[in-house]
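J.: Mind having a look at this structure? Questions to follow.
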Amino acid sequence: DIVMTQSPDSLAVSLGERATINCKSSQSVLYSSNNKNYLAWYQQKPGQPPKLLISWASTRESGVPDRFSGSGSATDFTLTISSLQPEDVALYYCQQYYATPTTFGQGTKLESK
Amino acid sequence: EVQLVESGGGLVQPGRSLRLSCSASGFKFGDHALSWFRQAPGKGLQWLGFIRSKIYGGAPEYAASVRGRFTISRDDSKSIAYLQMNSLKSEDTAVYYCSRVSSVATDLFDYWGQGTLVTVSS
C-alpha cells in the first residue's frame, strides 16, 4: 500500500497569515500516461464528514475559495491557505487515488493562533 | 442537490452483525460507484471498500483488513448502498461514512454522508 505522510501533525497560524501543509507519498502518484498526479486534499471540521477541496494535486473543487491552493508532483505535495480565515480551522487530509487501496495521510490539525 | 444519508448504526455486542444503509438522492445513483469509510474516535480515515456501478460490473472491492467480514452491496432501484458487517469487534467502533465516487476518477470521493456511529461493546 502507498503510505501518505503529512507534516506537521498540527499547525497554529494567525488569522490572515499563510498556512502550509505538506504531504509525502511512499511512491510516485504521477501517472505518466496522462501526466496527472492522483492526489487529493480534504477538509474535515469537527462533527462533519470530509469535504473534497482539491483533486489532481492542484484543481480546486467548485465553490472552494481561491485562498486554497495545491501544488507538487510525484511524491511531494503541499496545500497552502494564503490567508487563514476562522472557518478554515479544521483537520486536513491528503489522499492518493493512484492505486487501490486508496490511502490517506494521518491528518494535520490546523488551528488559529 | 447530492445527498447521502447513512443509517443503521448503534450499539452492538461483540460478535454480532450490523447492516448500514446509505440512501442517496440528487444524482443518477446507478452511474456511480459508492464507497464506505470509517473513522475511529480521534483517528484518521480508513477506506473499507467500494462497489462499482453496474456499468462496470457492479463488483465490490475491499480493504484487506475487513475482507471476509464486511460485504458491500447496492440496490439501484432504491438508490441505496449497504455495508453488512459481521463478527464485530470492539475495534470496529467508529463513525461510518458512505461517499460517492467521482465520475472523473476511481477512488476520488466528491460527496460524503454525515456518518453513522457504530459502537461495539458488551
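By order of appearance in the C-alpha cells: chains A, B, ..., then residues from 1 within every chain, and ligands from 1 in the order shown.
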Select from segment 53-109 of chain B everything DSSP, run on the backbone, classes as strand (DSSP E), then give the selection as an mmCIF file with N, CA and C atoms, in the first residue's frame.
T.:
data_model
loop_
_atom_site.group_PDB
_atom_site.id
_atom_site.type_symbol
_atom_site.label_atom_id
_atom_site.label_comp_id
_atom_site.auth_asym_id
_atom_site.auth_seq_id
_atom_site.Cartn_x
_atom_site.Cartn_y
_atom_site.Cartn_z
ATOM 1 N N PRO B 60 -17.750 -5.514 -5.905
ATOM 2 C CA PRO B 60 -17.123 -4.763 -4.819
ATOM 3 C C PRO B 60 -15.623 -5.061 -4.712
ATOM 4 N N GLU B 61 -14.940 -4.149 -4.031
ATOM 5 C CA GLU B 61 -13.542 -4.332 -3.645
ATOM 6 C C GLU B 61 -13.455 -3.976 -2.170
ATOM 7 N N TYR B 62 -12.559 -4.646 -1.449
ATOM 8 C CA TYR B 62 -12.482 -4.440 -0.004
ATOM 9 C C TYR B 62 -11.049 -4.180 0.446
ATOM 10 N N PHE B 70 -16.811 -7.973 6.054
ATOM 11 C CA PHE B 70 -17.708 -6.918 5.596
ATOM 12 C C PHE B 70 -18.108 -7.195 4.144
ATOM 13 N N THR B 71 -19.358 -6.850 3.836
ATOM 14 C CA THR B 71 -19.866 -7.014 2.472
ATOM 15 C C THR B 71 -20.590 -5.751 2.051
ATOM 16 N N ILE B 72 -20.236 -5.273 0.877
ATOM 17 C CA ILE B 72 -20.884 -4.089 0.313
ATOM 18 C C ILE B 72 -21.794 -4.530 -0.823
ATOM 19 N N SER B 73 -23.005 -3.977 -0.833
ATOM 20 C CA SER B 73 -23.944 -4.270 -1.907
ATOM 21 C C SER B 73 -24.696 -2.999 -2.255
ATOM 22 N N ARG B 74 -25.506 -3.092 -3.299
ATOM 23 C CA ARG B 74 -26.268 -1.923 -3.718
ATOM 24 C C ARG B 74 -27.594 -2.357 -4.321
ATOM 25 N N ASP B 75 -28.579 -1.481 -4.169
ATOM 26 C CA ASP B 75 -29.891 -1.680 -4.787
ATOM 27 C C ASP B 75 -30.169 -0.410 -5.580
ATOM 28 N N ILE B 80 -29.848 2.865 -2.841
ATOM 29 C CA ILE B 80 -29.276 2.571 -1.526
ATOM 30 C C ILE B 80 -28.071 1.657 -1.680
ATOM 31 N N ALA B 81 -27.041 1.964 -0.923
ATOM 32 C CA ALA B 81 -25.891 1.081 -0.784
ATOM 33 C C ALA B 81 -25.875 0.547 0.650
ATOM 34 N N TYR B 82 -25.337 -0.642 0.793
ATOM 35 C CA TYR B 82 -25.337 -1.293 2.103
ATOM 36 C C TYR B 82 -23.917 -1.702 2.494
ATOM 37 N N LEU B 83 -23.702 -1.730 3.799
ATOM 38 C CA LEU B 83 -22.478 -2.290 4.354
ATOM 39 C C LEU B 83 -22.903 -3.295 5.421
ATOM 40 N N GLN B 84 -22.733 -4.556 5.111
ATOM 41 C CA GLN B 84 -23.024 -5.631 6.060
ATOM 42 C C GLN B 84 -21.751 -5.938 6.831
ATOM 43 N N MET B 85 -21.833 -5.850 8.138
ATOM 44 C CA MET B 85 -20.665 -6.079 8.987
ATOM 45 C C MET B 85 -20.941 -7.258 9.914
ATOM 46 N N ALA B 94 -16.608 3.062 15.477
ATOM 47 C CA ALA B 94 -16.212 4.194 14.630
ATOM 48 C C ALA B 94 -17.460 4.875 14.083
ATOM 49 N N VAL B 95 -17.252 6.042 13.491
ATOM 50 C CA VAL B 95 -18.262 6.655 12.633
ATOM 51 C C VAL B 95 -18.047 6.104 11.229
ATOM 52 N N TYR B 96 -19.115 5.622 10.637
ATOM 53 C CA TYR B 96 -19.053 5.029 9.301
ATOM 54 C C TYR B 96 -19.666 6.000 8.294
ATOM 55 N N TYR B 97 -18.913 6.257 7.244
ATOM 56 C CA TYR B 97 -19.346 7.175 6.191
ATOM 57 C C TYR B 97 -19.495 6.435 4.866
ATOM 58 N N CYS B 98 -20.499 6.821 4.102
ATOM 59 C CA CYS B 98 -20.518 6.429 2.698
ATOM 60 C C CYS B 98 -20.182 7.657 1.865
ATOM 61 N N SER B 99 -19.661 7.412 0.688
ATOM 62 C CA SER B 99 -19.326 8.517 -0.190
ATOM 63 C C SER B 99 -19.554 8.120 -1.632
ATOM 64 N N ARG B 100 -19.764 9.113 -2.435
ATOM 65 C CA ARG B 100 -19.930 8.890 -3.861
ATOM 66 C C ARG B 100 -18.562 8.975 -4.530
ATOM 67 N N VAL B 101 -18.301 8.020 -5.397
ATOM 68 C CA VAL B 101 -17.063 8.074 -6.156
ATOM 69 C C VAL B 101 -17.278 9.023 -7.337
ATOM 70 N N PHE B 109 -13.447 10.957 -4.028
ATOM 71 C CA PHE B 109 -14.740 10.937 -3.350
ATOM 72 C C PHE B 109 -15.283 12.340 -3.230
#
J.: Near chain B, meaning an atom within 9 Å, which residues of chain A appear when counting only C-alpha atoms? Write them as a list in words.
T.: Tyr38, Leu39, Ala40, Gly47, Gln48, Pro49, Pro50, Lys51, Leu52, Leu53, Ser55, Glu61, Tyr93, Gln95, Gln96, Tyr97, Tyr98, Ala99, Thr100, Pro101, Thr102, Thr103, Phe104, Gly105, Gln106 and Gly107 of chain A
J.: Generate a file of the selected residues that holds N, CA and C atoms, formatted as a PDB file, in the first residue's frame.
T.:
ATOM      1  N   TYR A  38      -2.372  11.809  -8.919  1.00  0.00           N
ATOM      2  CA  TYR A  38      -3.599  11.288  -8.329  1.00  0.00           C
ATOM      3  C   TYR A  38      -3.581  11.558  -6.823  1.00  0.00           C
ATOM      4  N   LEU A  39      -3.715  12.865  -6.502  1.00  0.00           N
ATOM      5  CA  LEU A  39      -3.569  13.329  -5.133  1.00  0.00           C
ATOM      6  C   LEU A  39      -4.687  14.325  -4.848  1.00  0.00           C
ATOM      7  N   ALA A  40      -5.383  14.108  -3.735  1.00  0.00           N
ATOM      8  CA  ALA A  40      -6.478  14.985  -3.343  1.00  0.00           C
ATOM      9  C   ALA A  40      -6.259  15.494  -1.920  1.00  0.00           C
ATOM     10  N   GLY A  47     -17.211  17.084  13.842  1.00  0.00           N
ATOM     11  CA  GLY A  47     -18.581  16.600  13.726  1.00  0.00           C
ATOM     12  C   GLY A  47     -19.112  16.560  12.306  1.00  0.00           C
ATOM     13  N   GLN A  48     -18.244  16.808  11.334  1.00  0.00           N
ATOM     14  CA  GLN A  48     -18.664  16.813   9.937  1.00  0.00           C
ATOM     15  C   GLN A  48     -17.873  15.783   9.143  1.00  0.00           C
ATOM     16  N   PRO A  49     -18.416  15.389   7.991  1.00  0.00           N
ATOM     17  CA  PRO A  49     -17.656  14.492   7.126  1.00  0.00           C
ATOM     18  C   PRO A  49     -16.565  15.252   6.387  1.00  0.00           C
ATOM     19  N   PRO A  50     -15.636  14.533   5.799  1.00  0.00           N
ATOM     20  CA  PRO A  50     -14.632  15.210   4.964  1.00  0.00           C
ATOM     21  C   PRO A  50     -15.293  15.896   3.773  1.00  0.00           C
ATOM     22  N   LYS A  51     -14.634  16.943   3.332  1.00  0.00           N
ATOM     23  CA  LYS A  51     -15.084  17.687   2.159  1.00  0.00           C
ATOM     24  C   LYS A  51     -13.924  17.753   1.170  1.00  0.00           C
ATOM     25  N   LEU A  52     -14.189  17.364  -0.060  1.00  0.00           N
ATOM     26  CA  LEU A  52     -13.148  17.397  -1.083  1.00  0.00           C
ATOM     27  C   LEU A  52     -12.846  18.846  -1.452  1.00  0.00           C
ATOM     28  N   LEU A  53     -11.577  19.220  -1.282  1.00  0.00           N
ATOM     29  CA  LEU A  53     -11.148  20.576  -1.618  1.00  0.00           C
ATOM     30  C   LEU A  53     -10.438  20.637  -2.968  1.00  0.00           C
ATOM     31  N   SER A  55      -8.452  18.219  -6.142  1.00  0.00           N
ATOM     32  CA  SER A  55      -8.128  16.960  -6.796  1.00  0.00           C
ATOM     33  C   SER A  55      -7.002  17.190  -7.790  1.00  0.00           C
ATOM     34  N   GLU A  61     -12.013  22.248  -6.203  1.00  0.00           N
ATOM     35  CA  GLU A  61     -13.393  21.876  -6.477  1.00  0.00           C
ATOM     36  C   GLU A  61     -14.247  23.136  -6.557  1.00  0.00           C
ATOM     37  N   TYR A  93      -6.602  16.393   5.291  1.00  0.00           N
ATOM     38  CA  TYR A  93      -6.057  15.099   4.895  1.00  0.00           C
ATOM     39  C   TYR A  93      -5.652  15.131   3.428  1.00  0.00           C
ATOM     40  N   GLN A  95      -4.821  12.484   0.214  1.00  0.00           N
ATOM     41  CA  GLN A  95      -5.253  11.139  -0.182  1.00  0.00           C
ATOM     42  C   GLN A  95      -4.682  10.824  -1.557  1.00  0.00           C
ATOM     43  N   GLN A  96      -4.178   9.616  -1.711  1.00  0.00           N
ATOM     44  CA  GLN A  96      -3.759   9.197  -3.044  1.00  0.00           C
ATOM     45  C   GLN A  96      -4.838   8.292  -3.626  1.00  0.00           C
ATOM     46  N   TYR A  97      -5.149   8.529  -4.878  1.00  0.00           N
ATOM     47  CA  TYR A  97      -6.092   7.645  -5.574  1.00  0.00           C
ATOM     48  C   TYR A  97      -5.433   7.046  -6.816  1.00  0.00           C
ATOM     49  N   TYR A  98      -4.121   6.932  -6.731  1.00  0.00           N
ATOM     50  CA  TYR A  98      -3.341   6.318  -7.804  1.00  0.00           C
ATOM     51  C   TYR A  98      -3.493   4.814  -7.808  1.00  0.00           C
ATOM     52  N   ALA A  99      -3.574   4.229  -6.626  1.00  0.00           N
ATOM     53  CA  ALA A  99      -3.621   2.775  -6.520  1.00  0.00           C
ATOM     54  C   ALA A  99      -4.619   2.355  -5.457  1.00  0.00           C
ATOM     55  N   THR A 100      -5.222   1.212  -5.664  1.00  0.00           N
ATOM     56  CA  THR A 100      -6.101   0.607  -4.661  1.00  0.00           C
ATOM     57  C   THR A 100      -5.257  -0.293  -3.765  1.00  0.00           C
ATOM     58  N   PRO A 101      -5.372  -0.213  -2.429  1.00  0.00           N
ATOM     59  CA  PRO A 101      -6.335   0.620  -1.733  1.00  0.00           C
ATOM     60  C   PRO A 101      -5.931   2.088  -1.688  1.00  0.00           C
ATOM     61  N   THR A 102      -6.919   2.948  -1.814  1.00  0.00           N
ATOM     62  CA  THR A 102      -6.649   4.355  -1.609  1.00  0.00           C
ATOM     63  C   THR A 102      -6.212   4.557  -0.168  1.00  0.00           C
ATOM     64  N   THR A 103      -5.337   5.493   0.054  1.00  0.00           N
ATOM     65  CA  THR A 103      -4.820   5.733   1.395  1.00  0.00           C
ATOM     66  C   THR A 103      -4.764   7.227   1.677  1.00  0.00           C
ATOM     67  N   PHE A 104      -4.886   7.531   2.958  1.00  0.00           N
ATOM     68  CA  PHE A 104      -4.903   8.906   3.428  1.00  0.00           C
ATOM     69  C   PHE A 104      -3.690   9.172   4.316  1.00  0.00           C
ATOM     70  N   GLY A 105      -3.305  10.438   4.371  1.00  0.00           N
ATOM     71  CA  GLY A 105      -2.364  10.847   5.387  1.00  0.00           C
ATOM     72  C   GLY A 105      -3.030  10.806   6.754  1.00  0.00           C
ATOM     73  N   GLN A 106      -2.227  10.981   7.781  1.00  0.00           N
ATOM     74  CA  GLN A 106      -2.742  10.867   9.151  1.00  0.00           C
ATOM     75  C   GLN A 106      -3.532  12.104   9.574  1.00  0.00           C
ATOM     76  N   GLY A 107      -3.453  13.151   8.769  1.00  0.00           N
ATOM     77  CA  GLY A 107      -4.190  14.372   9.086  1.00  0.00           C
ATOM     78  C   GLY A 107      -3.305  15.434   9.706  1.00  0.00           C
TER      79      GLY A 107
END
J.: Report as a PyMOL selection string all protein, DNA and RNA residues lying within 8 Å of Leu84 of chain A, evaluated on only C-alpha atoms, omitting residues in the same chain fewer than 6 positions from it.
T.: chain A and resi 13-19+112
J.: With N, CA and C atoms retained, write the just-selected residues as a compact mmCIF listing (two decimals), in the first residue's frame.
T.:
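Result file follows (selection.txt):
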# COMPACT_ATOMS: atom_id res chain seq x y z
N VAL A 13 -1.65 29.00 13.17
CA VAL A 13 -1.34 30.13 12.30
C VAL A 13 -2.23 31.30 12.68
N SER A 14 -1.71 32.48 12.65
CA SER A 14 -2.52 33.66 12.93
C SER A 14 -3.50 33.91 11.79
N LEU A 15 -4.66 34.43 12.14
CA LEU A 15 -5.64 34.78 11.12
C LEU A 15 -5.02 35.77 10.14
N GLY A 16 -5.26 35.51 8.85
CA GLY A 16 -4.70 36.36 7.81
C GLY A 16 -3.33 35.93 7.32
N GLU A 17 -2.72 35.00 8.05
CA GLU A 17 -1.39 34.53 7.65
C GLU A 17 -1.50 33.26 6.81
N ARG A 18 -0.36 32.88 6.22
CA ARG A 18 -0.32 31.71 5.34
C ARG A 18 -0.15 30.44 6.15
N ALA A 19 -0.86 29.40 5.72
CA ALA A 19 -0.71 28.07 6.32
C ALA A 19 -0.26 27.11 5.23
N SER A 112 -6.05 28.30 14.80
CA SER A 112 -5.66 29.71 14.73
C SER A 112 -4.91 30.09 15.99
J.: When distances are computed from only C-alpha atoms, which of B:Gly10, B:Gly30, B:Gly15, B:Gly68 shows the smallest separation from Ile51 of chain B?
T.: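 Among B:Gly10, B:Gly30, B:Gly15, B:Gly68, it is B:Gly30 that comes nearest to Ile51 of chain B.
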J.: Have a look at A:Cys94, A:Leu11, A:Val64, A:Ala57 and name the one nearest to Lys24 of chain A; count only C-alpha atoms.
T.: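 Counting only C-alpha atoms, the residue closest to Lys24 of chain A is A:Cys94.
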J.: Suppose you want the space between atom CA of Ser102 of chain B and atom CA of Leu34 of chain B; what is it in Å?
T.: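 Going from atom CA of Ser102 of chain B over to atom CA of Leu34 of chain B covers 9.1 Å.
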J.: I'd like the contact shell of Val12 of chain B - 10 Å cut-off, only C-alpha atoms, skipping same-chain residues fewer than 6 positions apart - returned as a PyMOL selection string.
T.: chain B and resi 18+88-90+93+118-122
J.: So that I have them on file, write out the residues from the current selection with N, CA, C and O atoms, as a PDB file, in the first residue's frame.
T.:
ATOM      1  N   LEU B  18     -24.269  -6.216  11.913  1.00  0.00           N
ATOM      2  CA  LEU B  18     -24.998  -4.957  11.734  1.00  0.00           C
ATOM      3  C   LEU B  18     -24.979  -4.617  10.254  1.00  0.00           C
ATOM      4  O   LEU B  18     -23.961  -4.868   9.573  1.00  0.00           O
ATOM      5  N   LEU B  88     -18.509  -8.540  14.615  1.00  0.00           N
ATOM      6  CA  LEU B  88     -17.991  -7.229  15.008  1.00  0.00           C
ATOM      7  C   LEU B  88     -17.109  -7.313  16.239  1.00  0.00           C
ATOM      8  O   LEU B  88     -17.336  -8.131  17.146  1.00  0.00           O
ATOM      9  N   LYS B  89     -16.098  -6.455  16.252  1.00  0.00           N
ATOM     10  CA  LYS B  89     -15.127  -6.389  17.337  1.00  0.00           C
ATOM     11  C   LYS B  89     -15.135  -4.983  17.919  1.00  0.00           C
ATOM     12  O   LYS B  89     -15.588  -4.040  17.261  1.00  0.00           O
ATOM     13  N   SER B  90     -14.576  -4.853  19.087  1.00  0.00           N
ATOM     14  CA  SER B  90     -14.542  -3.528  19.720  1.00  0.00           C
ATOM     15  C   SER B  90     -13.793  -2.524  18.845  1.00  0.00           C
ATOM     16  O   SER B  90     -14.135  -1.339  18.809  1.00  0.00           O
ATOM     17  N   THR B  93     -15.517  -0.053  16.393  1.00  0.00           N
ATOM     18  CA  THR B  93     -16.209   1.144  16.867  1.00  0.00           C
ATOM     19  C   THR B  93     -15.696   2.367  16.125  1.00  0.00           C
ATOM     20  O   THR B  93     -14.494   2.653  16.118  1.00  0.00           O
ATOM     21  N   VAL B 118     -21.187   3.588  15.016  1.00  0.00           N
ATOM     22  CA  VAL B 118     -21.299   2.191  15.434  1.00  0.00           C
ATOM     23  C   VAL B 118     -20.427   2.008  16.662  1.00  0.00           C
ATOM     24  O   VAL B 118     -19.229   2.312  16.633  1.00  0.00           O
ATOM     25  N   THR B 119     -21.044   1.522  17.719  1.00  0.00           N
ATOM     26  CA  THR B 119     -20.319   1.245  18.956  1.00  0.00           C
ATOM     27  C   THR B 119     -20.428  -0.244  19.246  1.00  0.00           C
ATOM     28  O   THR B 119     -21.540  -0.771  19.377  1.00  0.00           O
ATOM     29  N   VAL B 120     -19.287  -0.904  19.307  1.00  0.00           N
ATOM     30  CA  VAL B 120     -19.258  -2.337  19.589  1.00  0.00           C
ATOM     31  C   VAL B 120     -18.788  -2.524  21.027  1.00  0.00           C
ATOM     32  O   VAL B 120     -17.639  -2.260  21.361  1.00  0.00           O
ATOM     33  N   SER B 121     -19.719  -2.955  21.851  1.00  0.00           N
ATOM     34  CA  SER B 121     -19.419  -3.084  23.275  1.00  0.00           C
ATOM     35  C   SER B 121     -20.427  -4.004  23.927  1.00  0.00           C
ATOM     36  O   SER B 121     -21.584  -4.060  23.513  1.00  0.00           O
ATOM     37  N   SER B 122     -19.967  -4.716  24.938  1.00  0.00           N
ATOM     38  CA  SER B 122     -20.873  -5.583  25.682  1.00  0.00           C
ATOM     39  C   SER B 122     -21.544  -4.806  26.823  1.00  0.00           C
ATOM     40  O   SER B 122     -22.401  -5.343  27.523  1.00  0.00           O
TER      41      SER B 122
END
J.: Hey, what's within 7 Å of Ala24 of chain B if we count only C-alpha atoms and toss same-chain stuff fewer than 6 positions away? As an NGL selection string, please?
T.: :B and (3-5 or 79-80)
